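Engineer: Contents are compact mmCIF, C-alpha atoms; file name entry.txt:
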```txt
# COMPACT_ATOMS: atom_id res chain seq x y z
CA MET U 1 41.53 26.49 30.59
CA SER U 2 40.57 30.11 31.25
CA LYS U 3 37.03 31.29 31.85
CA GLN U 4 36.99 33.15 28.53
CA GLU U 5 37.92 30.02 26.59
CA LYS U 6 34.88 27.84 26.10
CA PRO U 7 34.90 24.44 24.42
CA ALA U 8 33.37 24.34 20.97
CA GLN U 9 29.86 22.96 21.12
CA THR U 10 29.12 20.13 18.74
CA GLN U 11 26.30 21.04 16.39
CA HIS U 12 23.72 18.31 16.19
CA THR U 13 22.18 17.35 12.90
CA TRP U 14 18.66 18.40 13.76
CA THR U 15 19.72 21.90 14.87
CA GLY U 16 20.76 22.92 11.37
CA ASP U 17 18.28 20.85 9.45
CA TYR U 18 15.74 23.61 8.90
CA LYS U 19 18.42 25.90 7.45
CA ALA U 20 19.43 23.38 4.81
CA ARG U 21 15.91 22.91 3.47
CA THR U 22 15.85 25.95 1.24
CA TRP U 23 13.32 24.35 -1.09
CA ALA U 24 10.72 24.22 1.69
CA LYS U 25 10.72 27.94 2.55
CA LEU U 26 7.36 29.65 2.80
CA ALA U 27 6.55 32.37 0.33
CA ASP U 28 4.06 35.08 1.32
CA ASP U 29 1.48 35.96 -1.31
CA SER U 30 1.07 39.69 -0.80
CA THR U 31 -1.72 39.97 -3.36
CA GLN U 32 -3.96 37.46 -1.61
CA GLY U 33 -2.85 38.22 1.92
CA GLY U 34 -1.93 34.57 2.61
CA LEU U 35 0.46 31.77 1.78
CA GLY U 36 -0.63 31.25 -1.80
CA ASP U 37 2.58 29.62 -2.99
CA LEU U 38 2.49 27.18 -0.08
CA GLN U 39 -1.10 26.13 -0.84
CA GLN U 40 -0.26 25.72 -4.51
CA SER U 41 2.79 23.60 -3.71
CA LEU U 42 0.74 21.33 -1.44
CA THR U 43 -1.86 20.89 -4.18
CA ASP U 44 0.86 20.09 -6.72
CA LYS U 45 2.35 17.47 -4.38
CA LYS U 46 -1.06 15.84 -3.94
CA LEU U 47 -1.63 15.83 -7.71
CA THR U 48 1.80 14.26 -8.25
CA LYS U 49 1.07 11.58 -5.63
CA LYS U 50 -2.36 10.94 -7.17
CA LEU U 51 -0.80 10.50 -10.61
CA ALA U 52 1.79 8.05 -9.22
CA ILE U 53 -0.88 5.98 -7.43
CA ASP U 54 -3.20 5.90 -10.46
CA THR U 55 -0.34 4.90 -12.76
CA PHE U 56 0.74 2.13 -10.40
CA ASN U 57 -2.81 0.78 -9.95
CA ALA U 58 -3.35 0.75 -13.70
CA SER U 59 -0.10 -1.15 -14.34
CA VAL U 60 -0.52 -3.82 -11.64
CA LYS U 61 -2.52 -6.95 -12.45
CA ARG U 62 -4.20 -8.11 -9.26
CA LYS U 63 -4.31 -11.85 -9.77
CA SER U 64 -3.04 -13.57 -6.63
CA LEU U 65 -5.64 -14.28 -3.96
CA ILE U 66 -3.49 -16.22 -1.49
CA ARG U 67 -0.01 -14.84 -0.87
CA TYR U 68 2.85 -16.25 1.15
CA LEU U 69 5.22 -13.34 1.72
CA THR U 70 8.66 -13.52 3.34
CA VAL U 71 10.14 -10.17 4.38
CA ILE U 72 13.95 -10.10 4.67
CA VAL U 73 15.17 -7.17 6.77
CA ASP U 74 18.78 -5.98 6.83
CA PHE U 75 19.49 -5.32 10.52
CA SER U 76 23.26 -5.00 10.13
CA SER U 77 25.31 -2.10 11.48
CA ALA U 78 24.01 0.03 8.58
CA ALA U 79 20.58 0.01 10.25
CA ARG U 80 21.97 2.35 12.94
CA ARG U 81 22.58 5.16 10.49
CA GLN U 82 20.72 8.34 11.38
CA GLU U 83 19.73 9.66 7.97
CA MET U 84 16.21 8.61 9.00
CA ARG U 85 15.05 9.98 12.35
CA PRO U 86 15.99 8.73 14.87
CA ASN U 87 17.70 5.93 12.90
CA ARG U 88 16.95 3.42 10.15
CA ALA U 89 16.22 0.51 12.49
CA ILE U 90 13.51 2.30 14.46
CA VAL U 91 11.90 3.67 11.30
CA ILE U 92 11.92 0.23 9.65
CA LYS U 93 10.32 -1.34 12.72
CA SER U 94 7.57 1.25 13.02
CA TYR U 95 6.71 1.19 9.32
CA LEU U 96 6.78 -2.62 9.18
CA ALA U 97 4.40 -2.80 12.14
CA GLU U 98 1.96 -0.67 10.18
CA PHE U 99 2.67 -2.73 7.06
CA ILE U 100 1.77 -5.98 8.86
CA ARG U 101 -1.62 -4.67 9.96
CA ASP U 102 -2.46 -3.34 6.51
CA PHE U 103 -1.23 -6.55 4.85
CA PHE U 104 -3.71 -8.76 6.71
CA ASP U 105 -6.46 -6.19 6.19
CA ILE U 106 -6.04 -6.17 2.41
CA ASN U 107 -4.94 -9.82 2.09
CA PRO U 108 -6.89 -11.70 4.80
CA LEU U 109 -6.24 -15.11 3.21
CA SER U 110 -2.47 -14.62 3.06
CA GLN U 111 0.38 -15.30 5.48
CA ILE U 112 3.69 -13.61 6.18
CA SER U 113 7.06 -14.48 7.74
CA PHE U 114 10.18 -12.48 8.68
CA ILE U 115 13.89 -13.16 8.26
CA VAL U 116 16.59 -10.84 9.67
CA THR U 117 20.19 -10.77 8.52
CA TYR U 118 23.07 -9.47 10.67
CA LYS U 119 26.60 -10.53 11.67
CA GLU U 120 27.08 -12.26 8.29
CA LYS U 121 24.21 -14.66 9.04
CA ALA U 122 20.43 -14.90 8.73
CA VAL U 123 17.80 -15.97 11.26
CA LEU U 124 14.15 -16.91 10.77
CA LEU U 125 12.48 -14.44 13.13
CA THR U 126 8.86 -15.60 12.60
CA ASP U 127 7.45 -18.45 10.55
CA PHE U 128 4.39 -18.22 8.31
CA ALA U 129 1.44 -17.20 10.46
CA ASP U 130 -1.71 -15.12 10.21
CA SER U 131 -1.43 -13.40 13.59
CA PRO U 132 -0.16 -9.81 13.21
CA ILE U 133 0.48 -9.44 16.95
CA GLU U 134 3.02 -12.25 16.97
CA HIS U 135 4.99 -10.76 14.07
CA ILE U 136 4.95 -7.24 15.50
CA ASN U 137 6.11 -8.32 18.95
CA LYS U 138 9.02 -10.37 17.62
CA LEU U 139 10.04 -7.56 15.28
CA LEU U 140 10.00 -4.86 17.95
CA GLN U 141 11.97 -7.02 20.40
CA PHE U 142 14.93 -7.46 18.05
CA GLN U 143 17.82 -5.18 19.11
CA ASP U 144 21.05 -6.76 17.73
CA PHE U 145 22.21 -4.42 14.94
CA GLU U 146 25.78 -5.57 14.35
CA GLY U 147 28.05 -6.84 11.57
CA ASN U 148 27.34 -7.13 7.85
CA ALA U 149 24.35 -8.46 5.98
CA SER U 150 24.26 -11.79 4.15
CA LEU U 151 21.58 -11.78 1.50
CA GLN U 152 22.35 -15.27 0.19
CA ASN U 153 21.91 -16.88 3.62
CA ALA U 154 18.59 -15.09 4.04
CA LEU U 155 17.35 -16.15 0.60
CA ASP U 156 18.40 -19.76 1.21
CA ILE U 157 16.31 -19.82 4.39
CA ALA U 158 13.38 -18.30 2.50
CA VAL U 159 13.59 -20.87 -0.31
CA GLU U 160 13.79 -23.71 2.19
CA ASN U 161 10.83 -22.32 4.11
CA PHE U 162 8.73 -22.09 0.94
CA SER U 163 9.35 -25.79 0.23
CA HIS U 164 7.73 -26.77 3.55
CA PRO U 165 4.59 -28.94 3.19
CA THR U 166 2.48 -26.33 5.00
CA VAL U 167 2.90 -23.92 2.06
CA PRO U 168 0.28 -24.83 -0.56
CA THR U 169 1.24 -25.25 -4.18
CA TYR U 170 -1.36 -22.74 -5.37
CA ALA U 171 -0.01 -19.90 -3.19
CA HIS U 172 1.80 -16.90 -4.64
CA LYS U 173 5.33 -17.06 -3.20
CA GLU U 174 6.98 -13.67 -2.69
CA VAL U 175 10.12 -12.30 -1.08
CA LEU U 176 10.48 -8.65 -0.08
CA VAL U 177 14.02 -7.51 0.75
CA ILE U 178 14.56 -4.32 2.76
CA PHE U 179 18.28 -3.64 2.39
CA SER U 180 20.18 -0.91 4.22
CA SER U 181 23.83 -1.74 3.51
CA ILE U 182 26.04 -1.09 0.52
CA THR U 183 28.10 -4.21 1.30
CA ASN U 184 27.21 -7.89 1.47
CA CYS U 185 28.96 -11.03 2.76
CA ASP U 186 27.85 -14.32 1.16
CA PRO U 187 29.27 -17.85 1.39
CA GLY U 188 28.82 -18.68 -2.30
CA ASN U 189 27.53 -17.56 -5.68
CA ILE U 190 24.34 -15.61 -4.99
CA PHE U 191 23.30 -15.68 -8.66
CA ASP U 192 22.72 -19.44 -8.34
CA THR U 193 20.24 -18.64 -5.57
CA PHE U 194 18.45 -16.21 -7.89
CA ALA U 195 18.10 -18.94 -10.52
CA GLN U 196 16.79 -21.36 -7.91
CA MET U 197 14.16 -18.83 -6.82
CA TYR U 198 12.94 -18.40 -10.39
CA LYS U 199 12.83 -22.18 -10.85
CA GLN U 200 10.59 -22.51 -7.79
CA LYS U 201 8.45 -19.55 -8.98
CA ILE U 202 9.41 -17.28 -6.08
CA GLN U 203 9.09 -13.61 -6.94
CA GLY U 204 11.54 -11.22 -5.30
CA SER U 205 11.19 -7.45 -4.86
CA VAL U 206 13.69 -5.11 -3.22
CA ILE U 207 13.50 -1.79 -1.37
CA SER U 208 16.98 -0.31 -1.06
CA LEU U 209 17.56 2.40 1.52
CA SER U 210 21.12 3.20 0.45
CA ALA U 211 21.90 2.91 -3.27
CA ALA U 212 21.00 1.14 -6.51
CA ILE U 213 23.18 -1.97 -6.13
CA TYR U 214 23.59 -4.29 -9.12
CA MET U 215 23.06 -7.42 -7.00
CA LEU U 216 19.67 -6.18 -5.80
CA GLN U 217 18.59 -5.09 -9.27
CA LYS U 218 19.61 -8.50 -10.64
CA LEU U 219 17.44 -10.22 -8.02
CA ALA U 220 14.37 -8.24 -9.08
CA ASP U 221 15.05 -8.75 -12.80
CA THR U 222 15.69 -12.49 -12.53
CA THR U 223 12.60 -13.25 -10.46
CA ARG U 224 10.35 -10.73 -12.31
CA GLY U 225 9.91 -8.55 -9.26
CA GLU U 226 10.45 -4.84 -8.79
CA PHE U 227 13.47 -2.89 -7.57
CA MET U 228 12.59 0.25 -5.61
CA LEU U 229 15.05 2.86 -4.34
CA SER U 230 13.91 4.87 -1.34
CA LYS U 231 14.57 8.61 -1.63
CA SER U 232 13.36 9.68 1.80
CA GLN U 233 11.61 8.46 4.91
CA GLN U 234 8.17 9.29 3.52
CA HIS U 235 9.02 7.69 0.19
CA PHE U 236 10.01 4.49 2.00
CA GLN U 237 6.57 4.36 3.60
CA GLU U 238 4.92 4.83 0.20
CA LEU U 239 7.01 2.01 -1.30
CA LEU U 240 5.91 -0.32 1.48
CA LYS U 241 2.28 0.47 0.69
CA ARG U 242 2.90 -0.56 -2.90
CA CYS U 243 3.84 -4.04 -1.71
CA LEU U 244 0.43 -4.47 -0.08
CA ILE U 245 -1.17 -4.97 -3.50
CA PRO U 246 -0.54 -8.46 -4.94
CA ARG U 247 1.19 -8.64 -8.28
CA GLU U 248 0.92 -11.17 -11.06
CA SER U 249 3.09 -14.12 -10.07
CA ILE U 250 5.56 -15.99 -12.27
CA LYS U 251 3.19 -18.96 -12.31
CA MET U 252 0.33 -16.73 -13.51
CA GLN U 253 2.46 -15.32 -16.31
CA GLN U 254 3.37 -18.83 -17.47
CA LEU U 255 -0.24 -20.01 -17.27
CA GLN U 256 -1.40 -17.12 -19.44
CA GLY U 257 0.84 -18.33 -22.24
CA GLN U 258 -0.54 -21.87 -21.89
CA GLN U 259 -4.14 -20.61 -21.85
CA GLN U 260 -3.54 -18.79 -25.12
CA GLU U 261 -2.56 -22.15 -26.57
CA GLY U 262 -5.82 -23.70 -25.39
CA VAL U 263 -4.51 -25.54 -22.31
CA SER U 264 -6.64 -25.22 -19.14
CA ASN U 265 -4.83 -25.10 -15.80
CA ALA U 266 -7.67 -24.33 -13.42
CA GLN U 267 -7.06 -25.44 -9.84
CA LEU U 268 -9.69 -25.79 -7.13
CA ILE U 269 -8.97 -24.74 -3.54
CA LYS U 270 -10.74 -26.52 -0.70
CA MET U 271 -12.05 -24.04 1.89
CA GLY U 272 -14.20 -24.33 4.95
CA PHE U 273 -16.60 -21.79 6.43
CA PRO U 274 -16.57 -22.57 10.16
CA GLU U 275 -19.35 -21.94 12.63
CA ARG U 276 -18.70 -19.51 15.47
CA VAL U 277 -19.39 -21.02 18.87
CA ALA U 278 -20.01 -18.60 21.74
CA GLY U 279 -21.33 -18.74 25.27
CA GLU U 280 -19.83 -22.07 26.30
CA LYS U 281 -19.76 -22.69 30.04
CA ILE U 282 -16.62 -24.84 29.83
CA PRO U 283 -13.61 -23.46 27.94
CA VAL U 284 -12.17 -25.37 25.01
CA TYR U 285 -8.51 -25.58 24.05
CA CYS U 286 -7.93 -24.25 20.55
CA MET U 287 -5.72 -26.26 18.23
CA CYS U 288 -3.80 -23.24 16.93
CA HIS U 289 -2.42 -21.76 20.18
CA ASN U 290 -3.29 -24.44 22.80
CA GLU U 291 -5.12 -21.86 24.88
CA SER U 292 -8.49 -22.10 26.61
CA LYS U 293 -11.21 -20.18 24.79
CA PHE U 294 -14.90 -19.54 25.43
CA PHE U 295 -15.35 -18.22 21.89
CA TYR U 296 -13.99 -20.26 19.01
CA TYR U 297 -14.69 -21.49 15.48
CA ARG U 298 -15.54 -25.12 14.74
CA CYS U 299 -13.97 -26.61 11.62
CA PRO U 300 -16.75 -27.99 9.37
CA ASN U 301 -14.51 -30.83 8.23
CA CYS U 302 -13.05 -32.28 11.44
CA GLN U 303 -14.90 -30.26 14.16
CA ALA U 304 -11.58 -29.05 15.62
CA PRO U 305 -11.73 -25.73 17.54
CA GLN U 306 -9.92 -22.74 16.03
CA CYS U 307 -9.69 -19.28 17.62
CA GLU U 308 -8.74 -17.15 14.57
CA LEU U 309 -9.67 -16.76 10.94
CA SER U 310 -8.41 -17.03 8.30
CA ALA U 311 -6.04 -19.93 9.00
CA ALA U 312 -5.44 -23.52 8.03
CA CYS U 313 -6.89 -26.11 10.36
CA LYS U 314 -4.16 -27.78 12.38
CA ILE U 315 -5.83 -31.17 12.08
CA CYS U 316 -7.17 -31.54 8.53
CA LYS U 317 -5.22 -28.64 6.90
CA VAL U 318 -8.37 -27.16 5.33
CA LEU U 319 -8.24 -23.39 4.85
CA LEU U 320 -10.82 -21.85 7.20
CA VAL U 321 -12.18 -18.51 6.00
CA SER U 322 -15.20 -16.29 6.45
CA ALA U 323 -17.41 -14.83 3.76
CA VAL U 324 -16.21 -11.33 4.66
CA HIS U 325 -12.56 -12.30 4.14
CA LEU U 326 -13.32 -13.90 0.81
CA ALA U 327 -15.26 -10.88 -0.39
CA ARG U 328 -12.52 -8.53 0.81
CA THR U 329 -9.89 -10.52 -1.08
CA THR U 330 -11.72 -10.67 -4.39
CA GLN U 331 -13.27 -7.20 -4.56
CA SER U 332 -10.08 -5.44 -5.71
CA ARG U 333 -8.99 -8.29 -8.03
CA GLU U 334 -12.09 -8.98 -10.10
CA ASP U 335 -13.17 -5.37 -10.66
CA PRO U 336 -10.33 -2.98 -9.77
CA LEU U 337 -11.20 0.61 -8.91
CA LEU U 338 -10.61 2.98 -11.80
CA ALA U 339 -8.87 6.31 -11.37
CA PHE U 340 -11.03 9.29 -10.45
CA GLU U 341 -11.10 12.02 -13.07
CA GLY U 342 -10.70 15.70 -12.31
CA ILE U 343 -13.95 17.61 -12.57
CA LYS U 344 -12.41 19.95 -15.12
CA ASP U 345 -11.47 17.03 -17.38
CA TYR U 346 -14.72 15.22 -16.63
CA LEU U 347 -16.82 18.12 -17.93
CA LYS U 348 -14.66 18.61 -21.00
CA PRO U 349 -16.57 17.98 -24.25
CA GLU U 350 -15.73 14.69 -25.92
CA ASP U 351 -15.98 15.34 -29.67
CA GLN U 352 -17.46 18.70 -30.51
CA PRO U 353 -17.47 21.34 -27.77
CA ALA U 354 -20.97 22.27 -26.72
CA VAL U 355 -21.03 26.01 -26.05
CA ILE U 356 -23.64 26.91 -23.45
CA GLU U 357 -24.43 30.59 -23.02
CA GLU U 358 -26.38 32.36 -20.28
CA GLU U 359 -30.01 32.56 -21.32
CA THR U 360 -30.96 35.41 -19.03
CA SER U 361 -29.68 38.93 -18.98
CA SER U 362 -28.89 39.03 -15.28
CA LEU U 363 -25.17 39.33 -15.98
CA ALA U 364 -23.72 42.20 -17.92
CA ASP U 365 -21.22 40.11 -19.91
CA PRO U 366 -22.29 36.46 -20.08
CA ILE U 367 -19.27 34.22 -20.55
CA PRO U 368 -19.80 31.19 -22.80
CA LEU U 369 -18.58 27.98 -21.20
CA GLN U 370 -17.62 24.86 -23.15
CA VAL U 371 -18.82 21.85 -21.17
CA ASN U 372 -20.43 18.48 -21.74
CA PRO U 373 -24.15 19.08 -21.00
CA SER U 374 -25.03 15.44 -20.30
CA ARG U 375 -22.21 15.01 -17.81
CA LEU U 376 -23.06 18.28 -16.11
CA GLU U 377 -26.67 17.19 -15.77
CA SER U 378 -25.57 13.84 -14.30
CA LEU U 379 -23.51 15.64 -11.66
CA VAL U 380 -26.48 17.85 -10.77
CA LYS U 381 -28.75 14.79 -10.51
CA GLU U 382 -26.46 12.41 -8.62
CA ASN U 383 -25.27 15.00 -6.10
CA ASN U 384 -28.79 16.35 -5.42
CA TRP U 385 -27.96 19.92 -6.35
CA SER U 386 -31.04 22.12 -6.12
CA THR U 387 -29.88 24.63 -8.74
CA SER U 388 -30.92 24.27 -12.34
CA LEU U 389 -28.49 23.82 -15.19
CA VAL U 390 -28.69 27.50 -16.22
CA GLY U 391 -28.44 28.66 -12.62
CA LEU U 392 -25.41 26.44 -12.08
CA ILE U 393 -23.66 28.10 -15.00
CA ARG U 394 -24.62 31.51 -13.65
CA GLN U 395 -22.99 30.64 -10.32
CA GLN U 396 -19.96 29.41 -12.14
CA GLN U 397 -19.58 32.69 -13.97
CA ALA U 398 -19.90 34.48 -10.64
CA ASP U 399 -17.14 32.23 -9.24
CA GLN U 400 -19.32 31.03 -6.32
CA LEU U 401 -19.69 27.34 -7.11
CA ARG U 402 -19.43 25.19 -3.97
CA PHE U 403 -19.05 21.46 -3.45
CA ASN U 404 -18.91 19.14 -0.46
CA CYS U 405 -16.55 16.18 -0.49
CA SER U 406 -18.49 12.91 -0.34
CA GLY U 407 -15.77 11.39 1.84
CA CYS U 408 -14.82 13.92 4.54
CA ASP U 409 -17.65 16.45 3.88
CA LYS U 410 -15.09 19.23 3.49
CA LEU U 411 -16.35 22.35 1.73
CA LEU U 412 -14.72 22.82 -1.66
CA GLN U 413 -15.24 26.21 -3.28
CA SER U 414 -13.76 26.86 -6.69
CA HIS U 415 -14.37 27.65 -10.36
CA ILE U 416 -14.95 24.72 -12.70
CA ALA U 417 -12.73 26.20 -15.40
CA GLU U 418 -9.79 26.50 -12.97
CA VAL U 419 -10.35 23.78 -10.36
CA ASN U 420 -7.74 21.03 -10.08
CA ASP U 421 -8.31 19.63 -6.59
CA ILE U 422 -11.81 18.12 -7.06
CA VAL U 423 -12.24 14.67 -8.63
CA VAL U 424 -15.29 12.70 -9.79
CA CYS U 425 -15.95 8.97 -9.44
CA GLY U 426 -16.92 7.63 -12.84
CA GLY U 427 -19.37 5.12 -11.32
CA CYS U 428 -21.50 7.05 -8.81
CA LYS U 429 -20.64 10.59 -10.03
CA LYS U 430 -19.82 11.70 -6.48
CA LEU U 431 -17.21 14.39 -5.80
CA TYR U 432 -14.10 13.91 -3.66
CA CYS U 433 -11.15 16.02 -2.57
CA LEU U 434 -7.58 14.98 -3.35
CA ASP U 435 -6.93 13.70 0.19
CA CYS U 436 -9.89 11.30 0.03
CA ASP U 437 -8.98 10.28 -3.53
CA ILE U 438 -5.47 9.28 -2.42
CA PHE U 439 -6.82 7.42 0.62
CA ILE U 440 -9.40 5.52 -1.46
CA HIS U 441 -6.98 4.38 -4.16
CA GLU U 442 -4.10 3.66 -1.79
CA THR U 443 -5.87 2.02 1.16
CA LEU U 444 -9.59 1.32 0.65
CA LEU U 445 -9.30 0.15 -2.99
CA SER U 446 -13.06 0.68 -3.41
CA CYS U 447 -15.31 3.72 -3.67
CA PRO U 448 -17.39 4.04 -0.48
CA THR U 449 -20.38 5.63 -2.24
CA CYS U 450 -20.37 2.99 -5.00
CA VAL U 451 -20.36 0.24 -2.34
CA LYS U 452 -23.41 1.79 -0.70
```
Go through the file and emit its structure as C-alpha cells.
Structural biologist:
Amino acid sequence: MSKQEKPAQTQHTWTGDYKARTWAKLADDSTQGGLGDLQQSLTDKKLTKKLAIDTFNASVKRKSLIRYLTVIVDFSSAARRQEMRPNRAIVIKSYLAEFIRDFFDINPLSQISFIVTYKEKAVLLTDFADSPIEHINKLLQFQDFEGNASLQNALDIAVENFSHPTVPTYAHKEVLVIFSSITNCDPGNIFDTFAQMYKQKIQGSVISLSAAIYMLQKLADTTRGEFMLSKSQQHFQELLKRCLIPRESIKMQQLQGQQQEGVSNAQLIKMGFPERVAGEKIPVYCMCHNESKFFYYRCPNCQAPQCELSAACKICKVLLVSAVHLARTTQSREDPLLAFEGIKDYLKPEDQPAVIEEETSSLADPIPLQVNPSRLESLVKENNWSTSLVGLIRQQQADQLRFNCSGCDKLLQSHIAEVNDIVVCGGCKKLYCLDCDIFIHETLLSCPTCVK
C-alpha cells in the first residue's frame, strides 16, 4: 500500500449523531438578542410533560397498599444493541437501580423480585425482599447477555413464586416485563400462561424497547395491565417512573362489583410496630440476615430481633412497620394530589368576567384586565405580597410582575395575561415553576407547602 493510499476510517455512530438531529438545531432570535425559540421549545416540552403526568395521575386509581412486584428483564443478545448509549443492558441496569430505590421510597410496605431471561431460559435473580442493596448488587453483577429470550419460562417462575406461602393473600401481585427482543422462544402455549396469571389475579405490564409485539400486548390486555412502547432512552426512564405508582389490581376491580351488590369483603392485616433498641453492650444476631447488630428492632409479638423495616418477622410472620412508612404509603392513596393549575387559567373568571380597570390616572392608557377578583386577592394574601390589588394590576400593565417559586425560590418574571410557566396549588395557593411542578407530581406526590 502506498503512502498516498490511506485506509478508509470507519465512522462511529456518535460522530455523526449531532448532524442527524436536525430537529434540535438552535434558532437565534435576532429581535430579542437571545435564543428565544430554544427557550420556547423547552417550555413547550415541560408543558407537554406536565400534561402527560397530570393525565396519568388523574386516570390511575391508587388502591394497593402492599405490592409484590416481579420484574422480568430480557437480557438476551438483543440487550447488547447500541441504540441506547452505550447499550441497552447498561441503560436498563442503571435505570432499574434508580427504580429500585424509588420503589421502596414510595412503597415502603412492598417487596420486589427480579427474573432474567437469556439463552432460551429464565433464572430467578433475587427473591422477594425489602433490601434495595441486595437487588441492585445482583442486578449489576449480571453479565451474561447471550441467546434468545423465553417469556413463558420467566412467567412460569413468577407465577410459582407468587404461590409461595410467604406471599400474603391480600398483596397486590404484579409483573413488569422489560423486553428488548423481537423474537421469543417458548416451550409451550404462552397464552395458557396468560390465562393462569389472570386466574391467580396477577397483573402484568410490559415495557417494550423494540416494537409493539402482539404477544406482549396480549399479556397486558389479558391481565388488565398496561403495554408501553419506549420511544427513546429518556422515554424509557419516564415509563419506569409510571410503574412506581400502584394501580388498581384485578382483585380490587372484582371487589368493587361485589360491593355494589352489597357484599362486604373487608380484610384486616395484622401489623406490628416494633421498638428500636440501641446502645446494647453485647451484639445481637438479627433473624433476617444472621448478622450481629448493636441497633435492632424488637418484634412486639415474639420479641425476635430485626435489623430493617418494613419486613415480615422471620419467626411469627407479622408485618413489622413504622408509623412513618404507614403514613408514607397511605398519603398518596387516600387523598391524591390534584393537578396544579396555570396562573393564567387560575385567574380566569368563572361565570361572568369581572373587568377591573385602573382607578388612578398614573398610566396614560389604562388597560382593563378580566380576572377573578377573589382568586387574585387570595394569591395576594397567601403569598404575602405587599402590593395592593390596584397596585398589583398597575404592575401587571407595566409588565413588571415578579414571583418567586415556592419550591426552588427561582425568580419568575412575566405578565399574567401571557404567562404559561407558573402554576398555582389549589390548596395552599402557592406558586411553583414547571420544574418543581413536574418533580412534585412525579416523585413527591404531595405539595410541600400544603404538608407544612
Engineer: Please, what distance in Å, to one decimal, runs between CA of Arg101 (chain U) and CA of Val206 (chain U)?
Structural biologist: 20.2 Å
Engineer: Once 3 Å is added on each side, what centre and edge lengths in Å to one decimal does the axis-aligned box around all listed atoms of region 402-412 of chain U have, as AutoDock Vina command-line options?
Structural biologist:
```
--center_x -17.1 --center_y 18.3 --center_z 0.3 --size_x 10.7 --size_y 19.8 --size_z 14.5
```
Engineer: Choose the residue, out of U:Ser163, U:Ser77, U:Gln306, U:Asn137, that has the smallest atom-to-atom separation from Ser292 (chain U); count only C-alpha atoms.
Structural biologist: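 Ranking U:Ser163, U:Ser77, U:Gln306, U:Asn137 by distance to Ser292 (chain U), first place goes to U:Gln306.
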Engineer: Give me, as a PyMOL selection string, all polymer residues having an atom no more than 8 Å from Ser181 (chain U), counting only C-alpha atoms and skipping those fewer than 4 positions away in the same chain.
Structural biologist: chain U and resi 74+76+78-79+148-149+209-210
Engineer: For Ser205 (chain U), which residue out of U:Cys307, U:Ile100, U:Ile190, U:Leu240 is the nearest one, using only C-alpha atoms?
Structural biologist: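 Of U:Cys307, U:Ile100, U:Ile190, U:Leu240, the one nearest Ser205 (chain U), counting only C-alpha atoms, is U:Leu240.
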Engineer: If I put a ball of radius 8 Å at (-10.5, 13.8, 0.4) in the file's coordinates, which residues poke into it when counting only C-alpha atoms, written as a list in words?
Structural biologist: Cys405, Gly407, Cys408, Lys410, Tyr432, Cys433, Leu434, Asp435, Cys436, Asp437, Ile438 and Phe439 of chain U
Engineer: Do you have the CA of Cys450 (chain U)-CA of Ile53 (chain U) distance handy?
Structural biologist: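 Interatomic distance, CA of Cys450 (chain U) to CA of Ile53 (chain U): 19.9 Å.
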Engineer: Identify, on the basis of all atoms listed in the file, every residue whose closest approach to Lys119 (chain U) does not exceed 12 Å; exclude the query and any residue fewer than 3 positions from it along the same chain; express the result as a ChimeraX atom specification.
Structural biologist: /U:74-78,116,122-123,144-151,153-154,184-186
Engineer: Quick one: residues within 10 Å of (6.1, -17.9, 10.8) (file frame), counting all atoms listed in the file, please, as JSON, numbers by chain.
Structural biologist: {"U": [70, 111, 112, 113, 114, 115, 124, 125, 126, 127, 128, 129, 130, 131, 134, 135, 161]}
Engineer: For CA of Ala278 (chain U) and CA of Arg298 (chain U), determine how far apart the two atoms are, in Å to one decimal place.
Structural biologist: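 Distance reported for this atom pair: 10.6 Å.
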Engineer: Need the shell around Lys231 (chain U): protein/DNA/RNA residues with any atom at most 12 Å away, counting all atoms listed in the file. Skip same-chain ones fewer than 5 positions apart. Format as a ChimeraX atom specification?
Structural biologist: /U:83-84,207-212,236-239
Engineer: Please produce a file of those selected residues containing C-alpha atoms, as an mmCIF file, keeping the file's coordinate frame.
Structural biologist:
```cif
data_model
loop_
_atom_site.group_PDB
_atom_site.id
_atom_site.type_symbol
_atom_site.label_atom_id
_atom_site.label_comp_id
_atom_site.auth_asym_id
_atom_site.auth_seq_id
_atom_site.Cartn_x
_atom_site.Cartn_y
_atom_site.Cartn_z
ATOM 1 C CA GLU U 83 19.730 9.660 7.970
ATOM 2 C CA MET U 84 16.210 8.610 9.000
ATOM 3 C CA ILE U 207 13.500 -1.790 -1.370
ATOM 4 C CA SER U 208 16.980 -0.310 -1.060
ATOM 5 C CA LEU U 209 17.560 2.400 1.520
ATOM 6 C CA SER U 210 21.120 3.200 0.450
ATOM 7 C CA ALA U 211 21.900 2.910 -3.270
ATOM 8 C CA ALA U 212 21.000 1.140 -6.510
ATOM 9 C CA PHE U 236 10.010 4.490 2.000
ATOM 10 C CA GLN U 237 6.570 4.360 3.600
ATOM 11 C CA GLU U 238 4.920 4.830 0.200
ATOM 12 C CA LEU U 239 7.010 2.010 -1.300
#
```
